[in-house]
Amino acid sequence: ASPASPASPASPASPADESGIFDNAPRPPTRPGDVEHDAAPDLEALPGAGPGHWHGKLGLGPDGMPLVKPTPLPSNSDSDEFKRQAHMGQCYNAAKSDSMPLDRQAPDTRPEICKMRHRSYPKDLQRASVVIVFHNEVASILLRSVHSVLNQSPQGLLQEIILVDDASVADPGRFTQERWQKLQSPLEDYLKKLPKVR
């Protein structure tokens, strides 16, 4: 038998915070090209918070209308060519996603036994951070995921949502310039209006 390799030296543990939790993954330094956008300062929730909208009514303008409006499907949306374009670079119909509202209540399809067990879960849990890493993701899919996390996570359980763009880039055969552009300043501007997202 070959001798065991020596154990690598353990990295020094960071001091525990007030809850007794250690940070075993310290933040790395920024690299050239990295850009960080902070969440809206001190914004815990928007008006209208309650069950199903735990962080308030999301994505609405001063007139109460959605800031990002669904794009209706064209009359040729059943054609093979349209479907080919809509599925380009994705395993789903991106045009169909764009035609749906960002903030929607999906039906609860869990079996009754799951719902029953969920009701018995402890309520006093630690706050969690949700990290979403994406590459060339359609903006409507990404934003609907953010809305879903905010809507379904009670305020006391959600610390933050961190979005990480893993080098999205326009690619004529897979991800159009128009789709890529929606991941730039339009996405950044929209996220600034949401609580706990950076």
# chains A, B, ... in the order shown; residues from 1 in each chain; ligands from 1

call {"tool": "residues_around", "arguments": {"residues": "segment 125-128 of chain A", "least_positions_apart": "3", "cutoff": "10 Å", "atoms": "only C-alpha atoms", "output": "PyMOL selection string"}}
result
chain A and resi 19+121-122+131+153-161

call {"tool": "closest_residue", "arguments": {"among": "A:Gly61, A:Ser99, A:Gly89, A:Leu187", "to": "Leu143 of chain A", "atoms": "only C-alpha atoms"}}
result
A:Leu187

call {"tool": "residues_around", "arguments": {"residues": "segment 108-119 of chain A", "least_positions_apart": "3", "cutoff": "12 Å", "atoms": "only C-alpha atoms", "output": "short mmCIF file (atom, residue, chain, number, x, y, z; two decimals) with C-alpha atoms, in the first residue's frame"}}
result
data_model
loop_
_atom_site.label_atom_id
_atom_site.label_comp_id
_atom_site.auth_asym_id
_atom_site.auth_seq_id
_atom_site.Cartn_x
_atom_site.Cartn_y
_atom_site.Cartn_z
CA GLY A 52 -47.26 35.01 -1.53
CA GLN A 105 -48.18 32.84 -8.69
CA PRO A 122 -39.19 24.98 12.64
CA LYS A 123 -39.97 28.65 12.07
CA GLN A 152 -41.85 32.78 -1.48
#

call {"tool": "select_by_dssp", "arguments": {"residues": "segment 72-151 of chain A", "states": "strand (DSSP E or B)", "output": "list in words"}}
result
Ala128, Ser129, Val130, Val131, Ile132, Val133 and Phe134 of chain A

call {"tool": "write_last_selection", "arguments": {"atoms": "all heavy atoms", "output": "short mmCIF file (atom, residue, chain, number, x, y, z; two decimals), in the first residue's frame"}}
result
data_model
loop_
_atom_site.label_atom_id
_atom_site.label_comp_id
_atom_site.auth_asym_id
_atom_site.auth_seq_id
_atom_site.Cartn_x
_atom_site.Cartn_y
_atom_site.Cartn_z
N ALA A 128 -30.68 32.95 5.20
CA ALA A 128 -29.86 32.34 4.14
C ALA A 128 -29.65 33.33 3.00
O ALA A 128 -30.48 34.19 2.73
CB ALA A 128 -30.54 31.08 3.61
N SER A 129 -28.51 33.18 2.33
CA SER A 129 -28.24 33.92 1.10
C SER A 129 -28.46 32.97 -0.08
O SER A 129 -28.07 31.81 -0.02
CB SER A 129 -26.79 34.42 1.08
OG SER A 129 -26.58 35.39 2.08
N VAL A 130 -29.09 33.47 -1.13
CA VAL A 130 -29.32 32.69 -2.34
C VAL A 130 -28.39 33.24 -3.43
O VAL A 130 -28.41 34.43 -3.71
CB VAL A 130 -30.79 32.79 -2.79
CG1 VAL A 130 -31.00 32.08 -4.13
CG2 VAL A 130 -31.71 32.21 -1.72
N VAL A 131 -27.57 32.36 -4.00
CA VAL A 131 -26.64 32.77 -5.05
C VAL A 131 -27.11 32.15 -6.37
O VAL A 131 -27.29 30.93 -6.46
CB VAL A 131 -25.20 32.31 -4.73
CG1 VAL A 131 -24.25 32.74 -5.83
CG2 VAL A 131 -24.75 32.87 -3.38
N ILE A 132 -27.31 32.99 -7.38
CA ILE A 132 -27.73 32.53 -8.70
C ILE A 132 -26.62 32.89 -9.69
O ILE A 132 -26.36 34.07 -9.94
CB ILE A 132 -29.06 33.18 -9.13
CG1 ILE A 132 -30.17 32.87 -8.12
CG2 ILE A 132 -29.45 32.73 -10.54
CD1 ILE A 132 -31.48 33.58 -8.39
N VAL A 133 -25.94 31.88 -10.20
CA VAL A 133 -24.89 32.08 -11.19
C VAL A 133 -25.52 31.81 -12.57
O VAL A 133 -26.19 30.80 -12.76
CB VAL A 133 -23.71 31.12 -10.94
CG1 VAL A 133 -22.61 31.36 -11.97
CG2 VAL A 133 -23.17 31.30 -9.52
N PHE A 134 -25.29 32.72 -13.51
CA PHE A 134 -25.91 32.55 -14.83
C PHE A 134 -24.91 32.90 -15.93
O PHE A 134 -23.99 33.68 -15.73
CB PHE A 134 -27.17 33.40 -14.96
CG PHE A 134 -26.93 34.89 -14.88
CD1 PHE A 134 -26.76 35.64 -16.03
CD2 PHE A 134 -26.88 35.53 -13.66
CE1 PHE A 134 -26.53 37.01 -15.97
CE2 PHE A 134 -26.66 36.90 -13.58
CZ PHE A 134 -26.49 37.65 -14.74
#

call {"tool": "select_by_dssp", "arguments": {"residues": "chain A", "states": "alpha helix (DSSP H)", "output": "ChimeraX atom specification"}}
result
/A:80-86,94-98,112-119,139-152,177-181,185-191

call {"tool": "write_last_selection", "arguments": {"atoms": "C-alpha atoms", "output": "PDB file, in the first residue's frame"}}
result
ATOM      1  CA  ASP A  80     -41.230  25.871 -37.014  1.00  0.00           C
ATOM      2  CA  GLU A  81     -38.907  28.776 -37.869  1.00  0.00           C
ATOM      3  CA  PHE A  82     -40.212  30.936 -35.022  1.00  0.00           C
ATOM      4  CA  LYS A  83     -39.859  28.056 -32.555  1.00  0.00           C
ATOM      5  CA  ARG A  84     -36.312  27.395 -33.794  1.00  0.00           C
ATOM      6  CA  GLN A  85     -35.375  31.023 -33.170  1.00  0.00           C
ATOM      7  CA  ALA A  86     -37.173  31.078 -29.800  1.00  0.00           C
ATOM      8  CA  ALA A  94     -37.562  32.127 -24.677  1.00  0.00           C
ATOM      9  CA  ALA A  95     -40.296  34.018 -26.553  1.00  0.00           C
ATOM     10  CA  LYS A  96     -42.939  32.206 -24.491  1.00  0.00           C
ATOM     11  CA  SER A  97     -41.080  33.222 -21.325  1.00  0.00           C
ATOM     12  CA  ASP A  98     -40.961  36.850 -22.500  1.00  0.00           C
ATOM     13  CA  GLU A 112     -50.363  16.833   0.465  1.00  0.00           C
ATOM     14  CA  ILE A 113     -47.830  14.892   2.577  1.00  0.00           C
ATOM     15  CA  CYS A 114     -45.129  17.422   1.611  1.00  0.00           C
ATOM     16  CA  LYS A 115     -47.386  20.347   2.530  1.00  0.00           C
ATOM     17  CA  MET A 116     -48.180  18.697   5.865  1.00  0.00           C
ATOM     18  CA  ARG A 117     -44.499  18.179   6.666  1.00  0.00           C
ATOM     19  CA  HIS A 118     -43.709  21.738   5.616  1.00  0.00           C
ATOM     20  CA  ARG A 119     -46.197  23.069   8.188  1.00  0.00           C
ATOM     21  CA  ALA A 139     -33.505  38.087 -18.738  1.00  0.00           C
ATOM     22  CA  SER A 140     -37.184  37.193 -18.203  1.00  0.00           C
ATOM     23  CA  ILE A 141     -36.258  33.740 -16.860  1.00  0.00           C
ATOM     24  CA  LEU A 142     -33.626  35.226 -14.556  1.00  0.00           C
ATOM     25  CA  LEU A 143     -35.910  37.950 -13.208  1.00  0.00           C
ATOM     26  CA  ARG A 144     -38.826  35.549 -12.721  1.00  0.00           C
ATOM     27  CA  SER A 145     -36.520  33.391 -10.588  1.00  0.00           C
ATOM     28  CA  VAL A 146     -35.554  36.435  -8.488  1.00  0.00           C
ATOM     29  CA  HIS A 147     -39.228  37.371  -8.071  1.00  0.00           C
ATOM     30  CA  SER A 148     -40.039  33.812  -7.036  1.00  0.00           C
ATOM     31  CA  VAL A 149     -37.350  33.731  -4.335  1.00  0.00           C
ATOM     32  CA  LEU A 150     -38.480  37.095  -2.937  1.00  0.00           C
ATOM     33  CA  ASN A 151     -42.172  36.195  -3.098  1.00  0.00           C
ATOM     34  CA  GLN A 152     -41.848  32.776  -1.478  1.00  0.00           C
ATOM     35  CA  GLN A 177     -26.988  40.838 -29.125  1.00  0.00           C
ATOM     36  CA  GLU A 178     -30.503  41.923 -28.095  1.00  0.00           C
ATOM     37  CA  ARG A 179     -30.719  39.215 -25.410  1.00  0.00           C
ATOM     38  CA  TRP A 180     -27.217  40.005 -24.160  1.00  0.00           C
ATOM     39  CA  GLN A 181     -28.007  43.724 -23.991  1.00  0.00           C
ATOM     40  CA  SER A 185     -27.826  48.190 -17.724  1.00  0.00           C
ATOM     41  CA  PRO A 186     -31.551  47.288 -18.069  1.00  0.00           C
ATOM     42  CA  LEU A 187     -31.014  44.371 -15.675  1.00  0.00           C
ATOM     43  CA  GLU A 188     -28.893  46.448 -13.291  1.00  0.00           C
ATOM     44  CA  ASP A 189     -31.463  49.276 -13.236  1.00  0.00           C
ATOM     45  CA  TYR A 190     -34.331  46.864 -12.557  1.00  0.00           C
ATOM     46  CA  LEU A 191     -32.529  45.052  -9.735  1.00  0.00           C
TER      47      LEU A 191
END

call {"tool": "closest_residue", "arguments": {"among": "A:Ser77, A:Arg198, A:Ser120, A:Lys193", "to": "Ala45 of chain A", "atoms": "only C-alpha atoms"}}
result
A:Lys193

call {"tool": "atom_distance", "arguments": {"atom1": "atom CA of Val68 of chain A", "atom2": "atom CA of Pro101 of chain A"}}
result
8.0 Å

call {"tool": "atom_distance", "arguments": {"atom1": "atom CA of Ser75 of chain A", "atom2": "atom CA of Cys91 of chain A"}}
result
22.0 Å
